[in-house]
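Please read the structure below before turning to the comments.
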Amino acid sequence: MSLIIPIFIPHEGCPHCCVFCNQHSISGQSSPPVNGAEVGATIRAWLARSKPENRGQAQVAFYGGSFSGLPAERQTELLAAVQPFRDQGVVQEIRLSTRPDYIDRARLDLLCRHGATIIELGVQSCDDSVLQQAGRGHSQADVEQAVRLIKERNLRLGIQLMLGLPGDRFRSLRNTAEAVIRLRPEFVRLYPVLVLRGSGLETLYHRGGYRPLSLGRAVVLAASMKKRFDDQGIRVVRMGLQPTRELEQSLAAGPYHPAFGEMVQARLMLRQTRRLLAGVSKSAPVVLVIAERDQSIFRGLGSANIKRLRHLGLLDRFSLRTDPQQPRHTLKVVQADSL
Ligand code: SF4
């Protein structure tokens, strides 16, 4: 596990007004912009709280806003504040998020000069019509160009996607997943669209021009995308926004749940269970083996998976065991008499 030191720069550097965005609500920060000295103090405080042996590759992550859209002096101020910690060898990586249309060779020169190693692109969708309805102000061609330039520099690439944007359908989401797979990012984050107070989407929602995904539908869609990325060896490192009090207070509607990611994992576990049981004889008692820490995911939130398995008449067909060797979020089936 790496130590991740978060620095929030909400809405800085961004003249856009994406229909879903209210950056202050998402990050829980509405105070004045952080300066270099505060960045240094934050890093020191996080390092002081962690044991060196538990830090792994310590990473400073600039969240929110569009980092490479900031004036060059501002980017330099923030990145230079990390430099002393890189020189001491106590911070190894710098991560930042930005828009695809704020990536070009000159901006990458600056980022690389100051040690940025991971760039997360807010792609949101690979469908031009969905991007346009979301007021993103960039196209899929911008995404492809940005990815090309980032890879040219051998920087690590993450992609953020949203599910349930205005005009988004199952087909556009599936096409987005396929387009992202072709771009070969190292990791992906999946965020179901929430209607935040003060966002353009809230106005649209109250006018009846937007219907958010239900929680159940968002879980199904996220599970289907995660499975596709898993199959391609692309890590899905987060599903759903980080739950904060500020986010909950600014939520007007939408598929929010603080354990959204776990719900998706539980859904995938249920699918695996059904598939495995379908492949073994109904008469032979079997044992399903899961990782020790996956017991609550196997049961599902409020034991939803157990209820579903009972409803399907599958609950009596297996017993459950845990095995420390079993990888997380996987299960295997063994014949009961082979144990
Ligand atoms: S580009 Fe990012 S920061 Fe700017 S309005 Fe859109 S979501 Fe918000």
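Naming works like this for the structure tokens: A, B, ... for the chains as they're shown, residue 1 at the start of each chain, ligands 1 onward in shown order.
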
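All residues of protein, DNA or RNA that reach within 8 Å of Ala146 of chain A, judged by only C-alpha atoms and not counting those fewer than 3 positions away in the chain, are A:Pro100, A:Asp101, A:Ile103, A:Asp104, A:Asp142, A:Val143, A:Leu149, A:Ile150.
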
Per-residue DSSP, segment 110-164 of chain A, filtered to strand (DSSP E or B), as a PyMOL selection string: chain A and resi 118-124+156-163

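Every residue having at least one atom no farther than 7 Å from ligand 1 is included below, with only C-alpha atoms and all ligand atoms taken into account: Pro10, His11, Cys14, Pro15, His16, Cys17, Cys18, Cys21, Asn22, Gln23, Gly64, Gly65, Ser66, Arg99 and Arg136 of chain A.
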
Selected residues written out, C-alpha atoms, as a PDB file, in the first residue's frame:
```
ATOM      1  CA  PRO A  10     -10.933  22.650  -6.275  1.00  0.00           C
ATOM      2  CA  HIS A  11     -12.012  24.287  -9.512  1.00  0.00           C
ATOM      3  CA  CYS A  14     -10.934  25.589 -14.854  1.00  0.00           C
ATOM      4  CA  PRO A  15     -13.045  28.115 -16.764  1.00  0.00           C
ATOM      5  CA  HIS A  16     -15.490  25.378 -17.774  1.00  0.00           C
ATOM      6  CA  CYS A  17     -18.819  24.600 -16.280  1.00  0.00           C
ATOM      7  CA  CYS A  18     -19.542  20.916 -16.744  1.00  0.00           C
ATOM      8  CA  CYS A  21     -19.770  19.826 -11.542  1.00  0.00           C
ATOM      9  CA  ASN A  22     -19.734  21.600  -8.261  1.00  0.00           C
ATOM     10  CA  GLN A  23     -16.117  21.065  -7.258  1.00  0.00           C
ATOM     11  CA  GLY A  64      -9.821  18.473  -8.143  1.00  0.00           C
ATOM     12  CA  GLY A  65      -9.641  21.258 -10.680  1.00  0.00           C
ATOM     13  CA  SER A  66      -7.554  20.895 -13.810  1.00  0.00           C
ATOM     14  CA  ARG A  99      -8.663  17.709 -18.622  1.00  0.00           C
ATOM     15  CA  ARG A 136     -17.348  19.252 -21.260  1.00  0.00           C
TER      16      ARG A 136
END
```

Sel. of helix (DSSP H, G or I) residues, segment 161-276 of chain A, as a ChimeraX atom specification: /A:170-183,200-206,215-231,245-249,260-276

Any idea what's packed within 10 Å of His257 of chain A, counting only C-alpha atoms, ignoring anything in its chain fewer than 5 positions away? Could you give it as an mmCIF file with C-alpha atoms, in the first residue's frame?
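Result saved to out20.cif:
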```cif
data_model
loop_
_atom_site.group_PDB
_atom_site.id
_atom_site.type_symbol
_atom_site.label_atom_id
_atom_site.label_comp_id
_atom_site.auth_asym_id
_atom_site.auth_seq_id
_atom_site.Cartn_x
_atom_site.Cartn_y
_atom_site.Cartn_z
ATOM 1 C CA LEU A 215 -28.785 3.008 -7.314
ATOM 2 C CA GLY A 240 -18.148 6.047 -6.446
ATOM 3 C CA LEU A 241 -17.082 9.356 -4.939
ATOM 4 C CA GLN A 242 -15.341 9.444 -1.587
ATOM 5 C CA PRO A 243 -18.154 9.835 0.976
ATOM 6 C CA GLU A 248 -23.881 14.288 1.385
ATOM 7 C CA GLU A 262 -18.542 -2.665 -2.160
ATOM 8 C CA MET A 263 -22.017 -3.016 -3.655
#
```

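Here atom CA of Leu108 of chain A stands at a distance of 11.0 Å from atom CA of Asn154 of chain A.
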
Counting only C-alpha atoms, the residue among A:Gly200, A:Gly36, A:Pro84, A:Pro185 that lies closest to Ile234 of chain A is A:Pro185

Wanna dump the segment 226-334 of chain A-segment 158-162 of chain A contacts at 10 Å for me, each residue with its shortest atom pair and the distance in Å to one decimal, counting only C-alpha atoms, ordered by chain and number, as CSV?
```
residue,atom,partner,partner_atom,distance
A:Ile234,CA,A:Gly158,CA,9.8
A:Arg235,CA,A:Gly158,CA,9.4
A:Val236,CA,A:Gly158,CA,9.5
A:Val237,CA,A:Gly158,CA,9.4
A:Arg238,CA,A:Gln160,CA,9.3
A:Met239,CA,A:Leu161,CA,9.7
A:Gly240,CA,A:Met162,CA,9.3
```

Those residues with N, CA and C atoms, as a PDB file, in the first residue's frame please?
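So selection-v5.pdb came out as:
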```pdb
ATOM      1  N   ILE A 234      -6.942  -4.035 -16.663  1.00  0.00           N
ATOM      2  CA  ILE A 234      -6.916  -2.601 -16.314  1.00  0.00           C
ATOM      3  C   ILE A 234      -7.555  -2.461 -14.935  1.00  0.00           C
ATOM      4  N   ARG A 235      -6.789  -1.957 -13.987  1.00  0.00           N
ATOM      5  CA  ARG A 235      -7.277  -1.889 -12.603  1.00  0.00           C
ATOM      6  C   ARG A 235      -8.357  -0.829 -12.458  1.00  0.00           C
ATOM      7  N   VAL A 236      -9.434  -1.169 -11.754  1.00  0.00           N
ATOM      8  CA  VAL A 236     -10.443  -0.165 -11.394  1.00  0.00           C
ATOM      9  C   VAL A 236     -10.158   0.187  -9.935  1.00  0.00           C
ATOM     10  N   VAL A 237      -9.615   1.370  -9.710  1.00  0.00           N
ATOM     11  CA  VAL A 237      -9.099   1.675  -8.372  1.00  0.00           C
ATOM     12  C   VAL A 237     -10.142   2.363  -7.489  1.00  0.00           C
ATOM     13  N   ARG A 238     -11.231   2.827  -8.087  1.00  0.00           N
ATOM     14  CA  ARG A 238     -12.274   3.442  -7.252  1.00  0.00           C
ATOM     15  C   ARG A 238     -13.606   3.389  -7.984  1.00  0.00           C
ATOM     16  N   MET A 239     -14.666   3.146  -7.237  1.00  0.00           N
ATOM     17  CA  MET A 239     -16.009   3.214  -7.805  1.00  0.00           C
ATOM     18  C   MET A 239     -16.855   4.032  -6.845  1.00  0.00           C
ATOM     19  N   GLY A 240     -17.356   5.155  -7.304  1.00  0.00           N
ATOM     20  CA  GLY A 240     -18.148   6.047  -6.446  1.00  0.00           C
ATOM     21  C   GLY A 240     -17.260   7.088  -5.785  1.00  0.00           C
TER      22      GLY A 240
END
```

Name the closest residue to Arg44 of chain A among the candidates A:Val289, A:Leu247, A:Val193, A:Val91; distances are taken between atoms, counting only C-alpha atoms. A:Val91
